[in-house]
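Student: Below is the structure I would like to discuss, written out as structure tokens.
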Amino acid sequence: MAWIPHALHFLATCIREPLQYPFMVRALLAGMIVGVLCAVIGCYVVLRSMAFLGDAMAHAILPGVAVACLLGKDLAYGALVAALTVALGLSFFTRRGTVKEDTAIGILFAGAFSLGVALISTMKSYAARNLTEILFGNILGVAPKDLWRLAILAVIVLSAILLYYREFLVISFDPILALTLKLKTERLQLLMFVLLALTIVVSLQTVGVGLAAGMLVTPGAAAYLLARRLPRMMAIAAVIGVVSSVVGAYASYWFDVASGAAIVLAATGIFFLAFLFAPGRGLVWQRASGRKARRA
Amino acid sequence: MKGATVAVPPSAETAMIELEGLTVRYDGKPAIEDLNVQIPAGERVALVGPNGAGKSTLFKAIIGLLPFQGCVLIHGLPYGDHQDCVAYVPQREEVDWRFPVTVTDVVMMGRYGRFGRLSWPRREDKDAVARGLEEMGIADLADRPISMLSGGQQQRVFLARALAQDPHVILLDEPFTGVDVPTQRATLALLERLHARGVTVFASTHDLDLAASQFERVLLINGTVIACGKPAEVFTHENVTRAFQGKVLMVGGAIVVDHCYSPHLHE
């Protein structure tokens with residue numbers, strides 16, 4: 001067993017070596033912020049079956065990014081404006097009820113995404129280099145001012161989630177009760193959409209528009225299998241989000257994989273572990289207890 | 001009963017729920033049309049009618065979930081004008097029972113309208129929750145995730161939550177459907193106690209026998225009011241035939257209704 005200390009030493013080097021570069025430290029910090037934020041609000045996305053909506057919202061931000069790029073402005077502002085527009089538009093459409101909700105989402109967001117791609121494709125030189133970055137993120141390219149922005153947005157969104165915990169819980173679990181309790185259901189709904197939009201803007205940097213839904217849904221889905229109360233579910237999801245981001249950032253550094261893909265793959269791996277081994281709910285567990293029950 | 005603190009309405013003579021010219025439309029088609037009725041304070045009223053008569057629609061209009069024309073007055077005031085004095089117990093399928101909350105969490109939701117955003121539940125909120133659980137006989141399930149409850153237990157959780165709301169009016173949508181006999185008995189006992197405290201009880205049911213034996217008043221509807229009054233006055237052959245459109249048999253004084261019959265299939 002003489003190889004064990006060597007292996008550990010090698011692992012430690014692998015972990016420590018990248019940390020001498022400030023860009024890697026920023027990448028890890030950004031990854032952790034995004035991991036926590038996406039995972040926490042993602043719990044509501046999972047519980048309210050809004051996965052499609054989250055994905056669509058992320059895609060619909062693309063035209064905003066493209067316009068900002070054309071105007072030579074900061075891409076994040078374009079994303080922010082687009083995300084807020086999308087959140088407002090969505091709450092308007094879901095209120096009308098003339099088109100089925102998921103159909104409306106599908107139409108609007110496929111259209112918006114196409115508009116974004118069309119705009120970007122006109123920018124010949126810029127397009128090829130930046131499109132993949134916008135679509136799939138680049139965690140190793142986080143600038144110091146990006147990091148500050150991430151941190152501020154994260155604090156805003158997380159405090160809102162904390163402040164409105166009860167309201168969000170009721171409108172998610174039993175909207176009719178929310179109504180009889182005289183909660184302002186529509187406004188709360190809009191607030192949740194806005195928070196979701198802000199979260200997606202934040203996650204743009206690390207996982208991009210194409211994979212934001214992965215960060216929103218996967219940690220929450222895994223945590224759902226492991227927790228029985230919402231606060232615990234959020235905490236577990238946040239841990240999974242952070243671990244996935246860190247693993248992804250290192251994979252991106254050592255193997256030069258697209259960071260967004262690496263992060264989401266890590267989260268997916270954790271989800272499958274939970275799916276198989278979660279106490280009480282995992283596949284393996286259910287098989288085992290089923291066998292025990294048959295024998296008894 | 002320990003420490004029940006339900007405010008008895010000022011005068012037993014005031015009509016608690018008044019519906020005037022209530023009309024609710026789905027896609028332009030009226031589900032309820034020009035419904036007029038007064039439900040006196042503190043009475044137990046059974047809402048009966050065939051499938052599609054608009055029973056759930058009526059409840060949802062009263063709590064403001066559906067847009068309607070006409071007038072809904074509670075305590076003589078339009079619905080929007082008072083605190084959460086109306087508790088609504090929905091059918092169990094209305095919520096997702098796999099949601100990661102415990103029985104206590106759900107019952108505490110009944111108190112959310114009472115304490116401020118940044119405050120923790122107060123002593124009285126915790127007491128109200130404990131009382132609700134106790135009264136429905138589910139105190140031992142307090143910390144259980146709701147995904148592990150049976151149908152009857154789910155129903156009791158909803159009733160406990162409604163109790164925690166300290167309502168003046170309680171609306172129950174099909175509380176006797178699809179629950180076990182103990183839960184049905186517990187529900188009836190609860191309605192009895194609520195009645196004793198002066199709470200107005202308004203429950204829809206398919207069970208005409210229960211409606212006749214356990215309620216002071218029956219409201220028979222089919223899109224609009226067919227009859228309203230004491231069970232013996234309402235359950236006449238003529239009224240029941242009108243409401244259920246021919247799918248009624250009188251067997252030696254008993255009324256037999258075929259609930260599988262849908263008038264739309266025969267149009």
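We name chains A, B, ... following the order of the structure tokens; residues begin at 1 in each chain, and ligands are numbered from 1 as shown.
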For a quick test of understanding: name the residues of chain A lying within 6 Å of chain B when counting only C-alpha atoms, and present them as a list in words.

Tutor: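 Those within range of chain B come out as Asp174, Leu181, Arg228, Arg229 and Leu230 of chain A.
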
Student: As JSON, numbers by chain, please: the residues near Gly280 in chain A (cut-off 9 Å, only C-alpha atoms, same-chain neighbours under 4 positions excluded).

Tutor: {"A": [225, 226, 285, 286, 289]}

Student: Would you mind telling me which residue in A:Gly106, A:Gly78, A:Gly141, A:Pro231 lies nearest to Phe23 in chain A when using only C-alpha atoms?

Tutor: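 Once distances to Phe23 in chain A are computed over only C-alpha atoms, the minimum belongs to A:Gly141.
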
Student: Would you return as an NGL selection string the members of range 23-253 of chain B that DSSP assigns to strand (DSSP E or B) on this structure's backbone?

Tutor: :B and (23-26 or 29-40 or 44-48 or 69-74 or 77-78 or 86-89 or 102 or 145 or 169-172 or 200-204 or 217-221 or 225-229 or 248-251)

Student: Please identify all polymer residues within 8 Å of Ala238 in chain A, counting only C-alpha atoms, omitting same-chain residues fewer than 3 positions from it, and present them as JSON, numbers by chain.

Tutor: {"A": [35, 36, 37, 38, 39, 40, 219, 234, 235, 241, 242]}

Student: Store the residues picked out above, limited to C-alpha atoms, as a short mmCIF file (atom, residue, chain, number, x, y, z; two decimals), in the first residue's frame.

Tutor:
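Below is the file selection_4.cif, written as the result:
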data_model
loop_
_atom_site.label_atom_id
_atom_site.label_comp_id
_atom_site.auth_asym_id
_atom_site.auth_seq_id
_atom_site.Cartn_x
_atom_site.Cartn_y
_atom_site.Cartn_z
CA GLY A 35 -23.77 26.84 -7.31
CA VAL A 36 -25.49 28.04 -4.14
CA LEU A 37 -27.79 30.50 -5.85
CA CYS A 38 -29.00 28.24 -8.65
CA ALA A 39 -29.48 25.33 -6.29
CA VAL A 40 -31.53 27.26 -3.74
CA PRO A 219 -28.98 19.88 -7.61
CA MET A 234 -32.23 23.85 -0.07
CA ALA A 235 -29.14 23.31 2.06
CA GLY A 241 -24.21 22.99 -6.44
CA VAL A 242 -20.93 24.06 -4.84
#

Student: Do a neighbour search on Phe59 in chain B at 8 Å with only C-alpha atoms, toss out local chain neighbours closer than 4 positions, and write the hits as a PyMOL selection string.

Tutor: chain B and resi 55+63+171+173

Student: To one decimal in Å, tell me the separation between CA of Gly89 in chain A and CA of Arg149 in chain A.

Tutor: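 CA of Gly89 in chain A sits 24.8 Å away from CA of Arg149 in chain A.
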
Student: Using only C-alpha atoms, find the one residue out of A:Ala261, A:Trp3, A:Trp148, A:Leu140 that sits nearest to Tyr21 in chain A.

Tutor: A:Leu140

Student: Of the candidates B:Val181, B:Ala46, B:Met16, B:Val199, which one gets nearest to Val72 in chain B if we count only C-alpha atoms?

Tutor: B:Met16

Student: My list of candidates is A:Pro175, A:Gly137, A:Gly220, A:Gly116. Which is closest to Met50 in chain A when distances are computed with only C-alpha atoms?

Tutor: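 Under the stated criterion, the closest residue is A:Gly220.
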
Student: Return as an NGL selection string the full set of residues in range 45-200 of chain A whose backbone-based DSSP assignment is alpha helix (DSSP H).

Tutor: :A and (45-47 or 51-60 or 62-70 or 75-96 or 101-122 or 124-136 or 144-163 or 165-173 or 175-180 or 185-200)

Student: Using only C-alpha atoms, which protein or nucleic acid residues come within 7 Å of Phe68 in chain B? Drop anything in the same chain fewer than 3 positions from it, and give the result as a VMD selection string.

Tutor: chain B and resid 22 to 24 61

Student: Write out the residues from the selection above, keeping N, CA and C atoms, as a compact mmCIF listing (two decimals), in the first residue's frame.

Tutor:
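To be explicit, this is the file written out as again.txt:
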# COMPACT_ATOMS: atom_id res chain seq x y z
N LEU B 22 -75.33 35.56 -8.56
CA LEU B 22 -73.98 35.06 -8.85
C LEU B 22 -73.97 34.28 -10.17
N THR B 23 -73.10 34.72 -11.07
CA THR B 23 -72.95 34.03 -12.35
C THR B 23 -71.45 33.81 -12.59
N VAL B 24 -71.08 32.56 -12.91
CA VAL B 24 -69.69 32.25 -13.23
C VAL B 24 -69.66 31.59 -14.60
N ALA B 61 -65.78 30.59 -6.45
CA ALA B 61 -66.23 31.97 -6.64
C ALA B 61 -66.29 32.68 -5.29

Student: Which residue is closest to Ser56 in chain B? Choose from B:Pro182, B:Pro78, B:Pro175, B:Pro167 and count only C-alpha atoms.

Tutor: B:Pro175
